[in-house]
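Remarks on the structure that follows.
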Amino acid sequence: MITINLYFKQAWQLMKQNRFFSAVYIIGTGLAISMVMVLAVVYYIRTANIAPEIHRDRMCYLDFVIYKYNEGNGSYSSSLGIRYVKDVVLTLKKPEAIAITTSPIYQYFQGGEMFASVAGNDDEAKISYMGCNDVFWKVYEFHFLYGKPFTESDFESGLKTVVLCRSMARKLFGKEDVIGQTVMLNEVEYRVCGVVEDVSGTLEHTYSQAWMPYTSMSNVITESVDERENTVGKLQANILLRDKHDITAVQAELEEAVKRYNTTLVGGQVTDPKIKPATLTIMGVSSSKAYLAIILFLLLFLLVPALNISGLNASHIQDRLEEIGIRKAFGAPRGTLFMQIFVENLILMFPGSLAGLLFSYGLVDLYKNILLANSYQQFITEDADVITLSAGMLMNWQVFLYAVTVCLLLNLLSSMVPVWNAIRENIVSALNK
Amino acid sequence: MIASMIRQMWNERKANVLILLELLVVFSCLLYAADYLYVKYKEYKQPLGFDISHVYKVWLGVVPETSADYDTTAVHTTNGMDDFFTIVDRLEKDSRVETVGYTSGNHFHYMYFNRFATFHGKGLKRYGYVRDVDPSYFRVFKVKTADGQSWEKLEKTLENNGIVVTSSVAKAYYGSPVEGRGKDIWITNQGDADSIVYHIGEVCEPQRYQEFSSYDYAYYRNLGGRDELKKYGIEILSGNINLFVRMKPSADKPELMQQFRKDMEQQLRLGNIYLSDVTPMSYYREEVLRSALDNIRLYVVGVCFLLFNVLLGVVGTFWFRARQRIPEIGLRMAVGASRSVIFIQLIGEGLMLLAVVTLPALLIYANLAQLDVLTATSMDLSMVDRLVYSFLMAFLTLAMMIVAGIVFPAKQAARLNPTEALKDE
C-alpha cells in the first residue's frame, strides 16, 4: 500500500515537473481511448442484454423461408407465413419460448404506414407498430408504467387491444395513464391495455411505438387458399433457447418439422430452413465482416497511439536514466523498477482515459444514426430520431471493464519496449550521464 | 546538409524506429482515405443531368369519397382532373412562378420511385428505367440535350410522341450519344411480357439519381396529353402524379415562399383537391445524401484522429530530442551556424523521416490497389490520377503535420543562447 502511495506521489510530481510531456501524454491517451471506446460502446449496445431484450445471448431468429415450386425453377422467399408458424415453428419443443412478431422490415415494405388518432385530437400521428403474440411479453422484459400486456386469450381471440409506448401515449392523449382508452389505428378501434417505457430503435427486435396481437391485424392473419401465401408471409420467430448451445439441436428439430410440413404441401416445398444466431451489425455490415472491421479498427486505432506514446516514453525515460542507474546501483531489482514505471504510466494515463471515455460517449451520440441503425433503418430516412441512448447503455460495468482493459493494453504496448531497454542499460553507462 | 541529416537519422535509428513505424502505418491509411475522399469528391462533382435549384414539389391532397368533407357538388361536372389542370394553369399564371411541370408517380429525383425497363438490341441487354413524364418535366428541371442544347428540343420530341433516352443508353447501343438520334430501340417495360420498338427522337445528357450514384439507363416517354389524363379520376393524384414548380430566382426566398404557400393554399382549394405542402427539392436531396455524407464525415474523423496522433508523436519526440541535443546545438551555434540553419536542420530531419517511409507506404498502397480493396466507383476515373492525387494529398498533409509538430521545439532550440547551452559540457 505504501509503495503504491509512493508511486502516486512520484507520478504526480513528474506530471507537475514536466507539464508539456504530461499534456501531450494525456491528450494522446485520451484520443486513443476515445476511438477504441466508441467501438466498445457500439459493440456493447449491439450485443449486450439490454431491456427489453434481456436474453440476447440466448436468442436466435427465424425470419426467412424459401418456398420452391415443384414446377419450373421458381421460388419465393420472404418472412414466415401464418400456417408455417402454426404447423412448424410453434411445434418446436426444444426452445424455452418462441415469440412471434411481424418482421420489423414488414411495416416499411409490405404493411404500409399506420396513422393513429384519438377522438377530440385532430392531429394524426404516424406510428410504427408491431404485431406479436402473448409469449413476446415473456421473452422480452418491458417496463410497464401502467396496465398489463395482453393475455393469451386476448391473443387467441384476436382482441383489438394495444400496448403503447410512453411518448406515443403522451402525444396522442396528452397524458400517460391511458388504460382503457381507445385509439384509432388506421381507422380501426383499439383499446389501450398497457403503457410501456419507450424502446430505443437500436433494439431492432422489439422497437416499436405500438404492440398489438398480430391476430388482430387482418392483413397478417387472413388465410388464403394459396399454400404459398400461407407458407411465406410477414412474420418472424424470435426463439429463446434454454441454453445458448442448443441452437444446433433446435436447427435439427426445425428440419424435422419442415420435413413433416412438406408432406402436406402440394405445389412446392420449403427448402433450407435456417435458424440464425444473433448477428452483430455495425454500419450496415453484419456478422463475420463486422468482427473483421472491428479488429482492423482496433489495431489501427490502438497501434498508432501506442507507437506514439511509446516514442514519448522512450524519450522520457532517457531523462530518467540517472535515477534508474542510481536505484540499480543501490540494488533495486528489475521487476520493481519495471513495475514502478508501469504504474507511473498507468497513473499518468488515468485523466486522459477518463476524458477519452467521456469524449467517446459524445462521439457515439453524434454518430448514433450510422453506428447503431439497423440495416433496414438506414433506408428509412424519416425515422432519424428513433435511435435513442440511455444512461445504462453507456455507463455499465462491461463498458468500464472494456475501458480498463484498453488502458492496460495500451500501457503495456507503449511502455514495455522503452522501459525494458532502459532497465537493461548498464549501471555504469547510466550513471555516467 | 542532407548528408548530415541522413547521418543524424542513422545515429538515432533506435529512437526513430517507433516514429517511423507510426508514420508508415498512418501514411498507408492516409493514402487509402485520400483516395476515398478523392473518388467521392469526383463523384460529387460530376454533372447530375438535372437542376433542382428553385424547384419545389407541390403536394396535393385529395379528399376521399368516404370523408364528411367530400364535396359531391364539385364545380366540374365532367371530371376531377379538370380541377388539377386548372391548378396547373393557376400556378403558371402566378407572377412568382417561372414554370410548372408534372411527372408520373414513378419519376421523382432523389426519391426512389421507379418503374424498371430493359433495353435490348445488338446482343446487348441493359437494365434501366422507364419514366413517364409530361414534356414540361424537361423545362422544370432544365435538362439539356446530349450536345448541350437547352430543353426545348426534348420537350418537342415527347410532344411528337418520340422517346428521349439518356446518353448512357445511346452510348451503349450506338457508340456515341448523338448517334442515337433517330434510331429505333427495343424496350421491355416492367410488368409487360413483350418488348416494344420505340423511336428515339432525341438524346438527353447523362442523368443519375444523386451525387454519389452512377449514371442510369433510362428513357422518357410522354405521360399523355391533358385529354388522355382526363380519362382517369382524381385518385390518380394521390401518388401517381408528381407536380413541380420552378420559382423565379427573385421569388425564391424563405419569407416570400411562406407568403406563396399561404396564397396558394387559398387559390388551389378546388373541388376535392387541396394543397397540402410545398417542399423544396433541396429537402429531398439532403435526405438522400445524409447517409453518404455521414460516411464521409466518419472518414474525416478517422483521418483527423490519425493526423493528430502524428502531430502529438512528432511534437513529443522532437521536443525531447531538441532538449537532449542542447549541447550539440550550442556547439554548432558557437562554430557559426545561424539560428535559421539550426531551425531548418531540425525540420529537415523530420521531413527526412517522412521521405524514408514514402516508398514502403507506396508499396503497401500499390498492393492494396492490386487486391482491389480501394474504393469502388462507377465513375470513369483514371487510376493514375487517383494514385497521384491521393499520394499528393496524403504526403502534403503529413508533411504539414510534421512541420507543425517540429516548429515549436525547433524554435525553442534555435532560440538558445550558445553560452547557456555549452554550460553543460
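How things are named: the first chain in the C-alpha cells is A, the next is B, and so on; residues count from 1 in each chain; ligands count from 1 in the order shown.
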
Long-range neighbours of A:Ile127 as a PyMOL selection string, 10 Å cut-off, only C-alpha atoms, 3 positions minimum in chain: chain A and resi 113-117+124+168+185-186+208-210

Those same residues - C-alpha atoms - I'd like them written as a PDB file, in the first residue's frame.
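Generated output (result-v6.pdb):
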```
ATOM      1  CA  GLU A 113     -47.923   3.222 -42.902  1.00  0.00           C
ATOM      2  CA  MET A 114     -50.105   3.372 -39.843  1.00  0.00           C
ATOM      3  CA  PHE A 115     -51.689   6.511 -38.510  1.00  0.00           C
ATOM      4  CA  ALA A 116     -53.047   6.858 -35.019  1.00  0.00           C
ATOM      5  CA  SER A 117     -55.722   9.253 -33.947  1.00  0.00           C
ATOM      6  CA  GLU A 124     -52.987  12.235 -36.836  1.00  0.00           C
ATOM      7  CA  MET A 168     -46.859   7.987 -28.065  1.00  0.00           C
ATOM      8  CA  LEU A 185     -55.185   2.806 -35.728  1.00  0.00           C
ATOM      9  CA  ASN A 186     -55.719   3.190 -39.471  1.00  0.00           C
ATOM     10  CA  SER A 208     -41.990  -0.078 -31.929  1.00  0.00           C
ATOM     11  CA  GLN A 209     -44.405   2.513 -30.646  1.00  0.00           C
ATOM     12  CA  ALA A 210     -47.428   0.221 -30.512  1.00  0.00           C
TER      13      ALA A 210
END
```

Output as a PDB file with N, CA and C atoms, in the first residue's frame the set of chain A residues within 6 Å of chain B, with distances taken over only C-alpha atoms.
```pdb
ATOM      1  N   VAL A 304      -1.523   2.899 -33.501  1.00  0.00           N
ATOM      2  CA  VAL A 304      -0.915   4.190 -33.818  1.00  0.00           C
ATOM      3  C   VAL A 304      -0.646   5.009 -32.559  1.00  0.00           C
ATOM      4  N   LEU A 307       2.212   3.422 -30.593  1.00  0.00           N
ATOM      5  CA  LEU A 307       3.533   3.759 -31.137  1.00  0.00           C
ATOM      6  C   LEU A 307       3.957   5.148 -30.691  1.00  0.00           C
ATOM      7  N   ASN A 308       2.959   6.017 -30.759  1.00  0.00           N
ATOM      8  CA  ASN A 308       3.151   7.392 -30.387  1.00  0.00           C
ATOM      9  C   ASN A 308       3.626   7.548 -28.951  1.00  0.00           C
ATOM     10  N   GLY A 311       6.969   6.179 -28.278  1.00  0.00           N
ATOM     11  CA  GLY A 311       8.028   7.121 -28.616  1.00  0.00           C
ATOM     12  C   GLY A 311       8.236   8.140 -27.512  1.00  0.00           C
ATOM     13  N   LEU A 312       7.124   8.631 -26.981  1.00  0.00           N
ATOM     14  CA  LEU A 312       7.192   9.592 -25.879  1.00  0.00           C
ATOM     15  C   LEU A 312       7.902   8.976 -24.678  1.00  0.00           C
ATOM     16  N   SER A 315      11.615   8.635 -25.158  1.00  0.00           N
ATOM     17  CA  SER A 315      12.353   9.884 -24.967  1.00  0.00           C
ATOM     18  C   SER A 315      12.396  10.264 -23.493  1.00  0.00           C
TER      19      SER A 315
END
```

note - atom CA of A:Val178 and atom CA of A:Ile221 are separated by 27.7 Å

Using DSSP assignments from the backbone, pull out every residue in stretch 137-317 of chain B that falls under helix (DSSP H, G or I) and give it to me as a ChimeraX atom specification. /B:137-140,152-159,167-174,177-180,226-229,234-237,249-251,254-267,281-317

Find the residues near B:Arg226: any atom within 9 Å, counting only C-alpha atoms, skip ones fewer than 6 places away on the same chain, and give them as JSON, numbers by chain. {"B": [81, 82, 85]}

Keeping C-alpha atoms for every residue in the selection just given, could you write it to a file as a PDB file, in the first residue's frame?
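Here's the written file selection35.pdb:
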```pdb
ATOM      1  CA  MET B  81     -58.789  16.009 -63.399  1.00  0.00           C
ATOM      2  CA  ASP B  82     -60.094  19.273 -64.834  1.00  0.00           C
ATOM      3  CA  PHE B  85     -55.296  21.253 -64.782  1.00  0.00           C
TER       4      PHE B  85
END
```
